[in-house]
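Undergrad: Please find entry_2.tsv (TSV, C-alpha atoms) on the next line:
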chain	number	residue	atom	x	y	z
Z	21	MET	CA	0.00	0.00	0.00
Z	22	THR	CA	2.21	2.74	-1.20
Z	23	THR	CA	0.26	4.74	-3.73
Z	24	ILE	CA	-3.27	4.70	-5.03
Z	25	THR	CA	-3.41	4.00	-8.73
Z	26	PRO	CA	-4.51	7.07	-10.65
Z	27	PRO	CA	-7.25	5.55	-12.91
Z	28	SER	CA	-9.42	4.18	-10.12
Z	29	ALA	CA	-9.02	7.39	-8.17
Z	30	THR	CA	-10.40	9.42	-11.07
Z	31	ALA	CA	-13.28	7.00	-11.46
Z	32	ALA	CA	-14.05	7.22	-7.77
Z	33	THR	CA	-13.94	11.00	-7.81
Z	34	LYS	CA	-16.20	11.06	-10.86
Z	35	ALA	CA	-18.70	8.76	-9.22
Z	36	ALA	CA	-18.64	10.90	-6.10
Z	37	THR	CA	-19.23	14.08	-8.11
Z	38	LYS	CA	-22.08	12.40	-9.94
Z	39	ALA	CA	-23.67	11.28	-6.68
Z	40	LYS	CA	-23.31	14.80	-5.32
Z	41	ARG	CA	-24.98	16.25	-8.40
Z	42	ARG	CA	-27.83	13.79	-8.09
Z	43	ALA	CA	-28.32	14.78	-4.49
Z	44	LEU	CA	-28.81	18.36	-5.63
Z	45	ILE	CA	-31.72	17.47	-7.92
Z	46	PRO	CA	-34.41	17.51	-5.19
Z	47	LEU	CA	-33.07	20.86	-4.01
Z	48	ALA	CA	-33.25	22.24	-7.54
Z	49	ILE	CA	-36.82	20.99	-7.95
Z	50	PHE	CA	-37.76	22.47	-4.60
Z	51	MET	CA	-36.26	25.83	-5.52
Z	52	ALA	CA	-37.99	25.88	-8.90
Z	53	LEU	CA	-41.31	25.09	-7.24
Z	54	ALA	CA	-40.73	27.69	-4.52
Z	55	ALA	CA	-39.93	30.31	-7.17
Z	56	LEU	CA	-43.10	29.43	-9.07
Z	57	LEU	CA	-45.25	29.64	-5.96
Z	58	PHE	CA	-43.58	32.85	-4.85
Z	59	TYR	CA	-44.36	34.33	-8.26
Z	60	GLY	CA	-47.93	33.14	-7.80
Z	61	LEU	CA	-48.14	35.01	-4.50
Z	62	GLN	CA	-47.34	38.26	-6.29
Z	63	LEU	CA	-50.32	37.87	-8.59
Z	64	ASP	CA	-53.58	39.46	-7.57
Z	65	PRO	CA	-56.46	37.12	-8.38
Z	66	ARG	CA	-58.77	40.13	-8.42
Z	67	LYS	CA	-57.01	41.45	-11.50
Z	68	VAL	CA	-58.75	39.49	-14.18
Z	69	PRO	CA	-57.35	40.24	-17.63
Z	70	SER	CA	-59.94	41.81	-19.89
Z	71	PRO	CA	-60.68	40.13	-23.22
Z	72	LEU	CA	-61.59	43.58	-24.54
Z	73	VAL	CA	-58.02	44.83	-24.77
Z	74	ASN	CA	-57.12	45.60	-28.40
Z	75	LYS	CA	-60.79	45.40	-29.35
Z	76	PRO	CA	-63.09	48.31	-30.16
Z	77	ALA	CA	-64.72	49.80	-27.09
Z	78	PRO	CA	-68.23	48.38	-26.65
Z	79	VAL	CA	-70.94	50.63	-28.05
Z	80	PHE	CA	-72.77	52.65	-25.44
Z	81	GLU	CA	-75.27	55.44	-25.21
Z	82	LEU	CA	-75.90	56.90	-21.82
Z	83	GLU	CA	-77.13	60.10	-20.25
Z	84	SER	CA	-74.55	62.56	-19.13
Z	85	LEU	CA	-74.26	62.70	-15.35
Z	86	ASP	CA	-74.78	66.43	-15.11
Z	87	ASP	CA	-77.37	66.76	-17.88
Z	88	PRO	CA	-79.99	64.04	-18.47
Z	89	ASN	CA	-80.77	65.54	-21.86
Z	90	ARG	CA	-77.25	65.16	-23.13
Z	91	LYS	CA	-76.21	61.80	-24.53
Z	92	VAL	CA	-72.72	60.37	-24.13
Z	93	THR	CA	-71.72	57.85	-26.80
Z	94	ASN	CA	-68.57	56.31	-28.27
Z	95	GLU	CA	-68.15	59.49	-30.30
Z	96	ILE	CA	-66.55	61.14	-27.28
Z	97	LEU	CA	-63.67	58.66	-27.56
Z	98	MET	CA	-62.78	59.45	-31.18
Z	99	GLY	CA	-59.68	61.40	-32.16
Z	100	LYS	CA	-58.07	61.54	-28.73
Z	101	VAL	CA	-56.52	59.14	-26.31
Z	102	SER	CA	-58.94	58.77	-23.42
Z	103	LEU	CA	-58.91	57.32	-19.97
Z	104	VAL	CA	-62.33	55.88	-19.31
Z	105	ASN	CA	-62.57	55.79	-15.56
Z	106	VAL	CA	-65.29	53.71	-13.93
Z	107	TRP	CA	-66.22	55.35	-10.66
Z	108	ALA	CA	-68.94	55.70	-8.06
Z	109	SER	CA	-69.49	57.81	-4.99
Z	110	TRP	CA	-69.91	54.70	-2.84
Z	111	CYS	CA	-66.45	53.43	-3.71
Z	112	PRO	CA	-63.67	54.46	-1.29
Z	113	SER	CA	-60.87	53.59	-3.73
Z	114	CYS	CA	-62.44	55.98	-6.25
Z	115	ARG	CA	-62.11	58.79	-3.76
Z	116	GLN	CA	-58.55	57.67	-3.12
Z	117	GLU	CA	-57.60	57.99	-6.80
Z	118	HIS	CA	-59.65	61.12	-7.38
Z	119	GLY	CA	-56.81	63.55	-6.67
Z	120	GLU	CA	-54.51	61.68	-9.01
Z	121	LEU	CA	-57.10	61.80	-11.79
Z	122	MET	CA	-57.47	65.54	-11.23
Z	123	GLN	CA	-53.74	65.96	-11.63
Z	124	ILE	CA	-53.54	63.71	-14.70
Z	125	ALA	CA	-56.36	65.63	-16.39
Z	126	ARG	CA	-54.74	68.96	-15.54
Z	127	GLU	CA	-51.20	68.19	-16.57
Z	128	ASN	CA	-51.54	65.87	-19.54
Z	129	ASP	CA	-52.91	65.86	-23.03
Z	130	VAL	CA	-55.36	63.09	-22.30
Z	131	GLN	CA	-59.06	63.34	-21.77
Z	132	VAL	CA	-60.50	61.62	-18.75
Z	133	VAL	CA	-63.99	60.33	-19.41
Z	134	GLY	CA	-66.05	59.31	-16.41
Z	135	PHE	CA	-68.17	56.21	-16.34
Z	136	ASN	CA	-70.38	56.66	-13.30
Z	137	TRP	CA	-71.42	53.16	-12.38
Z	138	LYS	CA	-74.28	51.85	-10.20
Z	139	ASP	CA	-74.54	55.18	-8.46
Z	140	THR	CA	-77.20	57.78	-7.87
Z	141	ARG	CA	-77.11	61.15	-9.57
Z	142	PRO	CA	-77.27	63.37	-6.44
Z	143	GLU	CA	-74.54	61.46	-4.64
Z	144	ALA	CA	-72.28	61.34	-7.68
Z	145	LEU	CA	-72.69	65.06	-8.33
Z	146	GLU	CA	-72.07	65.77	-4.67
Z	147	MET	CA	-68.78	63.92	-4.82
Z	148	LEU	CA	-67.66	65.92	-7.86
Z	149	ARG	CA	-68.73	69.16	-6.20
Z	150	ARG	CA	-66.77	68.35	-3.10
Z	151	TYR	CA	-63.58	66.88	-4.60
Z	152	GLY	CA	-63.48	68.47	-8.04
Z	153	ASN	CA	-64.29	67.11	-11.47
Z	154	PRO	CA	-61.48	65.60	-13.55
Z	155	TYR	CA	-63.87	64.35	-16.24
Z	156	VAL	CA	-64.66	66.03	-19.54
Z	157	VAL	CA	-67.98	64.28	-19.13
Z	158	SER	CA	-69.34	61.42	-17.07
Z	159	ALA	CA	-71.65	58.82	-18.58
Z	160	TYR	CA	-74.31	57.86	-16.08
Z	161	ASP	CA	-74.99	54.14	-15.80
Z	162	PRO	CA	-76.96	53.51	-12.61
Z	163	ASP	CA	-78.28	50.11	-13.70
Z	164	ASN	CA	-75.06	48.62	-15.07
Z	165	ARG	CA	-76.61	48.58	-18.55
Z	166	TYR	CA	-73.40	49.23	-20.42
Z	167	GLY	CA	-70.95	48.50	-17.62
Z	168	LEU	CA	-71.75	44.88	-18.27
Z	169	HIS	CA	-70.74	45.24	-21.91
Z	170	TRP	CA	-67.46	46.81	-20.83
Z	171	GLY	CA	-66.83	43.86	-18.56
Z	172	VAL	CA	-66.87	46.07	-15.48
Z	173	TYR	CA	-67.03	44.12	-12.26
Z	174	GLY	CA	-65.91	46.68	-9.73
Z	175	ALA	CA	-64.93	50.26	-9.26
Z	176	PRO	CA	-62.52	51.79	-9.88
Z	177	GLU	CA	-61.44	50.47	-13.24
Z	178	THR	CA	-59.65	52.53	-15.87
Z	179	PHE	CA	-59.53	51.81	-19.58
Z	180	VAL	CA	-57.05	53.40	-21.95
Z	181	VAL	CA	-58.87	53.97	-25.26
Z	182	ASP	CA	-56.94	55.19	-28.30
Z	183	GLY	CA	-58.10	57.77	-30.84
Z	184	GLU	CA	-59.79	55.11	-32.98
Z	185	GLY	CA	-61.89	53.98	-30.06
Z	186	ILE	CA	-59.92	50.79	-29.43
Z	187	ILE	CA	-59.30	49.69	-25.86
Z	188	ARG	CA	-55.55	49.41	-25.30
Z	189	TYR	CA	-55.31	48.70	-21.62
Z	190	LYS	CA	-57.43	48.06	-18.58
Z	191	HIS	CA	-56.31	48.90	-15.09
Z	192	ILE	CA	-58.19	47.42	-12.16
Z	193	GLY	CA	-58.08	49.25	-8.87
Z	194	PRO	CA	-57.12	52.80	-8.04
Z	195	VAL	CA	-54.70	54.76	-10.22
Z	196	ASP	CA	-51.87	56.27	-8.22
Z	197	ARG	CA	-48.74	58.16	-9.22
Z	198	ASN	CA	-46.77	54.97	-9.67
Z	199	VAL	CA	-49.41	53.25	-11.82
Z	200	TRP	CA	-49.76	56.36	-13.94
Z	201	GLU	CA	-46.05	56.93	-14.46
Z	202	THR	CA	-44.96	53.34	-14.98
Z	203	THR	CA	-47.94	51.73	-16.66
Z	204	ILE	CA	-50.66	53.98	-18.01
Z	205	ARG	CA	-48.66	56.97	-19.19
Z	206	PRO	CA	-46.37	54.98	-21.54
Z	207	ILE	CA	-49.45	53.41	-23.15
Z	208	VAL	CA	-51.11	56.81	-23.52
Z	209	GLU	CA	-47.93	58.20	-25.16
Z	210	GLN	CA	-47.71	55.18	-27.45
Z	211	TYR	CA	-51.20	55.64	-28.86
Z	212	ARG	CA	-51.27	59.41	-28.98
Z	213	PRO	CA	-52.07	60.52	-32.55
Z	214	GLN	CA	-48.88	61.60	-34.33
Z	215	SER	CA	-50.19	65.09	-35.25
Z	216	SER	CA	-50.21	66.36	-31.68
O	4	MET	CA	-68.59	37.13	35.38
O	5	ILE	CA	-69.99	40.52	34.51
O	6	HIS	CA	-67.62	40.53	31.58
O	7	ARG	CA	-69.01	37.25	30.35
O	8	VAL	CA	-72.62	38.37	30.71
O	9	ARG	CA	-71.79	41.52	28.79
O	10	LYS	CA	-70.16	39.47	26.05
O	11	LEU	CA	-73.17	37.19	25.86
O	12	SER	CA	-75.65	40.00	25.68
O	13	LEU	CA	-73.57	41.66	22.98
O	14	SER	CA	-73.60	38.45	20.96
O	15	LEU	CA	-77.34	38.13	21.40
O	16	ALA	CA	-77.86	41.72	20.37
O	17	LEU	CA	-75.76	41.16	17.25
O	18	ILE	CA	-77.67	38.02	16.35
O	19	ALA	CA	-80.98	39.79	16.88
O	20	GLY	CA	-79.77	42.69	14.78
O	21	THR	CA	-78.72	40.36	11.98
O	22	LEU	CA	-82.04	38.58	12.06
O	23	ALA	CA	-83.99	41.82	12.09
O	24	PHE	CA	-82.08	43.87	9.55
O	25	GLY	CA	-79.69	41.41	7.95
O	26	ASN	CA	-79.18	41.51	4.25
O	27	PRO	CA	-82.39	43.04	2.94
O	28	SER	CA	-81.08	42.47	-0.59
O	29	ALA	CA	-80.70	38.73	-0.13
O	30	TYR	CA	-81.93	37.15	-3.29
O	31	THR	CA	-83.67	33.93	-4.05
O	32	LEU	CA	-83.89	32.20	-7.36
O	33	GLU	CA	-87.66	32.40	-6.98
O	34	GLU	CA	-87.68	35.91	-8.36
O	35	PHE	CA	-86.78	34.54	-11.79
O	36	LYS	CA	-90.01	33.24	-13.26
O	37	PHE	CA	-90.13	30.93	-16.24
O	38	GLU	CA	-93.20	29.74	-18.06
O	39	GLN	CA	-91.93	26.47	-19.46
O	40	PRO	CA	-91.15	23.60	-17.15
O	41	GLY	CA	-87.48	22.73	-16.94
O	42	GLN	CA	-86.34	26.23	-17.82
O	43	HIS	CA	-85.89	27.17	-14.20
O	44	GLU	CA	-83.63	24.17	-13.70
O	45	ALA	CA	-81.70	25.02	-16.87
O	46	PHE	CA	-81.26	28.57	-15.59
O	47	ARG	CA	-80.10	27.35	-12.23
O	48	ASP	CA	-77.61	24.94	-13.81
O	49	LEU	CA	-76.23	27.59	-16.14
O	50	ILE	CA	-75.61	30.23	-13.48
O	51	ALA	CA	-74.03	27.59	-11.26
O	52	LYS	CA	-71.40	27.07	-13.96
O	53	LEU	CA	-70.56	30.78	-14.12
O	54	ARG	CA	-68.21	32.47	-11.72
O	55	CYS	CA	-68.91	35.69	-9.92
O	56	LEU	CA	-65.97	38.02	-10.57
O	57	VAL	CA	-66.41	39.92	-7.34
O	58	CYS	CA	-66.46	37.01	-4.95
O	59	GLN	CA	-64.35	34.67	-6.96
O	60	ASN	CA	-65.08	31.52	-5.06
O	61	GLU	CA	-68.79	31.82	-5.61
O	62	SER	CA	-70.85	31.00	-8.64
O	63	LEU	CA	-73.38	33.41	-10.07
O	64	ALA	CA	-76.01	31.19	-8.50
O	65	GLY	CA	-74.61	31.61	-5.01
O	66	SER	CA	-73.32	35.16	-4.91
O	67	GLN	CA	-75.05	38.08	-3.24
O	68	ALA	CA	-72.84	40.67	-4.94
O	69	GLY	CA	-74.54	43.42	-6.89
O	70	VAL	CA	-72.69	42.61	-10.07
O	71	ALA	CA	-73.72	38.97	-9.75
O	72	GLN	CA	-77.35	40.02	-9.58
O	73	ASP	CA	-76.90	42.18	-12.70
O	74	LEU	CA	-75.40	39.23	-14.53
O	75	ARG	CA	-78.14	36.89	-13.35
O	76	GLU	CA	-80.71	39.29	-14.70
O	77	GLU	CA	-78.84	39.48	-17.99
O	78	VAL	CA	-78.66	35.68	-18.25
O	79	TYR	CA	-82.38	35.51	-17.38
O	80	ARG	CA	-83.24	38.08	-20.01
O	81	MET	CA	-81.22	36.27	-22.65
O	82	MET	CA	-82.85	32.96	-21.77
O	83	LEU	CA	-86.30	34.49	-22.11
O	84	GLU	CA	-85.23	35.75	-25.52
O	85	GLY	CA	-84.63	32.13	-26.40
O	86	GLN	CA	-80.85	32.26	-26.62
O	87	SER	CA	-78.98	29.03	-26.14
O	88	ASP	CA	-76.58	28.31	-23.29
O	89	GLU	CA	-73.67	28.57	-25.73
O	90	GLU	CA	-74.76	32.01	-26.89
O	91	ILE	CA	-75.10	33.25	-23.32
O	92	VAL	CA	-71.73	31.82	-22.30
O	93	THR	CA	-70.06	33.35	-25.38
O	94	PHE	CA	-71.64	36.71	-24.56
O	95	LEU	CA	-70.18	36.63	-21.06
O	96	VAL	CA	-66.77	35.29	-22.09
O	97	ASP	CA	-66.46	38.05	-24.71
O	98	ARG	CA	-66.88	40.63	-21.99
O	99	TYR	CA	-65.37	39.09	-18.90
O	100	GLY	CA	-62.98	36.50	-20.30
O	101	ASP	CA	-62.64	32.79	-19.62
O	102	PHE	CA	-62.53	33.68	-15.97
O	103	VAL	CA	-66.33	33.58	-15.78
O	104	LEU	CA	-66.24	29.88	-16.52
O	105	TYR	CA	-65.67	27.50	-13.67
O	106	GLU	CA	-64.44	24.96	-16.18
O	107	PRO	CA	-61.78	26.63	-18.31
O	108	PRO	CA	-61.72	25.72	-22.02
O	109	ILE	CA	-58.93	23.51	-23.36
O	110	LYS	CA	-56.59	25.72	-25.37
O	111	PRO	CA	-52.81	26.31	-25.52
O	112	SER	CA	-52.75	28.69	-22.56
O	113	THR	CA	-54.57	26.16	-20.38
O	114	TYR	CA	-52.76	23.00	-21.52
O	115	ILE	CA	-50.58	23.00	-18.44
O	116	LEU	CA	-53.68	23.34	-16.29
O	117	TRP	CA	-55.43	20.42	-17.94
O	118	PHE	CA	-52.52	18.12	-18.66
O	119	GLY	CA	-49.99	19.21	-16.01
O	120	PRO	CA	-51.26	16.75	-13.38
O	121	PHE	CA	-50.99	13.84	-15.81
O	122	ILE	CA	-47.47	14.88	-16.77
O	123	PHE	CA	-46.46	15.03	-13.11
O	124	LEU	CA	-48.09	11.68	-12.49
O	125	GLY	CA	-46.26	10.17	-15.46
O	126	VAL	CA	-42.86	11.56	-14.45
O	127	GLY	CA	-43.42	10.57	-10.82
O	128	GLY	CA	-44.51	7.06	-11.81
O	129	TYR	CA	-41.52	6.64	-14.10
O	130	LEU	CA	-39.09	7.71	-11.38
O	131	LEU	CA	-40.78	5.48	-8.83
O	132	PHE	CA	-40.57	2.37	-10.99
O	133	ARG	CA	-37.04	3.13	-12.07
O	134	THR	CA	-35.91	3.49	-8.46
O	135	LEU	CA	-37.71	0.32	-7.38
O	136	GLY	CA	-36.27	-1.60	-10.34
O	137	ARG	CA	-32.72	-0.53	-9.57
O	138	LYS	CA	-32.99	-1.53	-5.93
O	139	LYS	CA	-33.91	-5.05	-7.00
O	140	ASP	CA	-31.05	-5.35	-9.47
O	141	GLU	CA	-28.38	-4.45	-6.97
O	142	PRO	CA	-26.71	-7.63	-5.67
O	143	GLU	CA	-26.84	-8.32	-2.00
O	144	GLU	CA	-23.50	-7.53	-0.51
O	145	ASP	CA	-21.62	-10.65	0.51
O	146	LEU	CA	-19.92	-10.93	3.85
O	147	THR	CA	-16.19	-10.67	3.85
O	148	GLU	CA	-14.05	-13.58	5.06
O	149	ALA	CA	-13.43	-11.88	8.39
O	150	GLU	CA	-17.15	-11.28	8.92
O	151	ARG	CA	-17.96	-14.86	7.98
O	152	ALA	CA	-15.47	-16.14	10.55
O	153	ARG	CA	-16.92	-13.87	13.19
O	154	LEU	CA	-20.45	-15.03	12.38
O	155	GLN	CA	-19.38	-18.63	12.79
O	156	ARG	CA	-17.77	-17.80	16.08
O	157	LEU	CA	-20.91	-16.10	17.33
O	158	LEU	CA	-23.15	-18.98	16.26
O	159	ALA	CA	-20.84	-21.51	17.85
O	160	ALA	CA	-20.86	-19.54	21.08
O	161	GLY	CA	-24.63	-20.09	21.10
O	162	GLY	CA	-25.42	-16.52	21.84
O	163	ASP	CA	-24.92	-17.02	25.55
O	164	LYS	CA	-22.05	-14.70	25.79
O	165	GLN	CA	-22.61	-11.26	24.49
O	166	GLU	CA	-19.79	-9.96	22.45
O	167	THR	CA	-18.99	-6.45	23.36
O	168	ILE	CA	-18.65	-4.06	20.52
O	169	LYS	CA	-15.17	-2.72	20.17
For this file, write the structure as structure tokens.

TA:
Amino acid sequence: MTTITPPSATAATKAATKAKRRALIPLAIFMALAALLFYGLQLDPRKVPSPLVNKPAPVFELESLDDPNRKVTNEILMGKVSLVNVWASWCPSCRQEHGELMQIARENDVQVVGFNWKDTRPEALEMLRRYGNPYVVSAYDPDNRYGLHWGVYGAPETFVVDGEGIIRYKHIGPVDRNVWETTIRPIVEQYRPQSS
Amino acid sequence: MIHRVRKLSLSLALIAGTLAFGNPSAYTLEEFKFEQPGQHEAFRDLIAKLRCLVCQNESLAGSQAGVAQDLREEVYRMMLEGQSDEEIVTFLVDRYGDFVLYEPPIKPSTYILWFGPFIFLGVGGYLLFRTLGRKKDEPEEDLTEAERARLQRLLAAGGDKQETIK
């Protein structure tokens, strides 16, 4: 027993390395699964993707919130990028995003169209009187007649509609500075008609 | 003691309050009237297959949410108009997405959902049988000469004397 012969030593080392690698497989599987589940935790099941994105906005014809004799239709969406914001006075998150919408409407070349949803006229008008009105006009849909066609299932929801009346994005939940800057604004810029 | 009585009376008051004023908007399927027999059952079955988007673990049949009621009324209206189940489902999927279906359709984006379990089962089964097969193939390790001699010694000793482990 003086020296260990080189060939068998290499074979033994190789086998040992192989066994070590094999032992790491369960760990790798576990980590992959953990990563997948962790990713799943980040997803919000309330944010259901809308099948209406990249489709023409559903046709609607509703009374204007502030004037029952005035009709609001898809025509309002033509020629300009619009944010169609589904809101209601009973919805706390709508009040939360209201200031942000005011600022967006004031500082940007984008028209904010209100979609007053399952609300009452006096209460809705009262909210605008108290907190300001970011909307060029608000369509009044107390009975969810057209909200259903837009796939609305909660307030607030905000659609980005391009100048041809095609829905380009749907945001569920309140719009805040971060959502506007990182998500909605780039889409608005992207679809802004070239002339302006 | 007083604390417990207070707790109890509070609970009773809450229960009484719930019974008296609870959920005035609670709905029953009875409000949807059909003329033909069997239609009510068909309606009930259809809305049970549709998911309420507000309370996502409830079907349209079970949910008390306002939006669920709106959708029930829409489904009811469409049924009275004589539209088929497929037409109604398509109408809702076009607006709300596949999410309204409790049973998602089989298409590329849902393949992993539908076939994933079978793939896992297959891979797991393969690994299981492979491992079991290999165990069987491995030869039993023979005792070395020294061990054999020691075994003989132990057997000859008759087990009376315990050999201490060194």

Undergrad: I'd like the neighbourhood of Val79 (chain Z) as a PDB file with C-alpha atoms, in the frame of the given file, where a residue qualifies if any of its atoms comes within 9 Å (using all atoms listed in the file), though same-chain residues fewer than 5 positions away should be ignored.

TA:
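Below you can see out07.pdb, which holds the result:
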ATOM      1  CA  THR Z  93     -71.720  57.850 -26.800  1.00  0.00           C
ATOM      2  CA  ASN Z  94     -68.570  56.310 -28.270  1.00  0.00           C
ATOM      3  CA  TYR Z 166     -73.400  49.230 -20.420  1.00  0.00           C
ATOM      4  CA  HIS Z 169     -70.740  45.240 -21.910  1.00  0.00           C
ATOM      5  CA  TRP Z 170     -67.460  46.810 -20.830  1.00  0.00           C
TER       6      TRP Z 170
END

Undergrad: Could you list the residues in chain Z lying within 9 Å of chain O, using all atoms listed in the file, and format the result as JSON, numbers by chain?

TA: {"Z": [65, 66, 68, 69, 70, 71, 72, 163, 164, 165, 168, 169, 170, 171, 172, 173, 174]}

Undergrad: Could you check which of O:Ile50, O:Leu130, O:Leu135, O:Ile18 is closest to Val92 (chain O), using only C-alpha atoms?

TA: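 Of all the options, O:Ile50 lies closest to Val92 (chain O).
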
Undergrad: With a distance cut-off of 6 Å and all atoms listed in the file, select the neighbouring residues of region 153-162 of chain Z, excluding the residue or stretch itself and same-chain residues fewer than 3 positions from it, and output the selection as number ranges by chain.

TA: Z: 82-85, 92, 122, 125, 132-139, 148

Undergrad: Counting only C-alpha atoms, which residue out of O:Gly65, O:Arg54, O:Leu49, O:Gln42 sits closest to Val78 (chain O)?

TA: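 Looking at the shortest contact to Val78 (chain O), the residue is O:Leu49.
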
Undergrad: Mind giving me the straight-line distance from CA of Met81 (chain O) to CA of Thr93 (chain O) in Å, one decimal?

TA: 11.9 Å

Undergrad: Rounded to one decimal place, report the CA of Pro40 (chain O)-CA of Arg80 (chain O) distance in Å.

TA: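 For CA of Pro40 (chain O) relative to CA of Arg80 (chain O), the distance reads 16.7 Å.
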
Undergrad: Find the residues around Ile187 (chain Z) up to 9 Å (all atoms listed in the file counted), leave out those fewer than 5 positions away in its own chain, and share them as an MDAnalysis selection string.

TA: chainID Z and resid 72:77 179:182

Undergrad: Identify the residues around (-74.0, 64.4, -13.0) within a radius of 6 Å, measuring from all atoms listed in the file in the coordinates stated by the file, and give them as a list in words.

TA: Leu85, Asp86, Arg141 and Leu145 of chain Z

Undergrad: To one decimal place in Å, what is the distance between CA of Ala144 (chain Z) and CA of Ala108 (chain Z)?

TA: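 Calculated distance between CA of Ala144 (chain Z) and CA of Ala108 (chain Z) is 6.6 Å.
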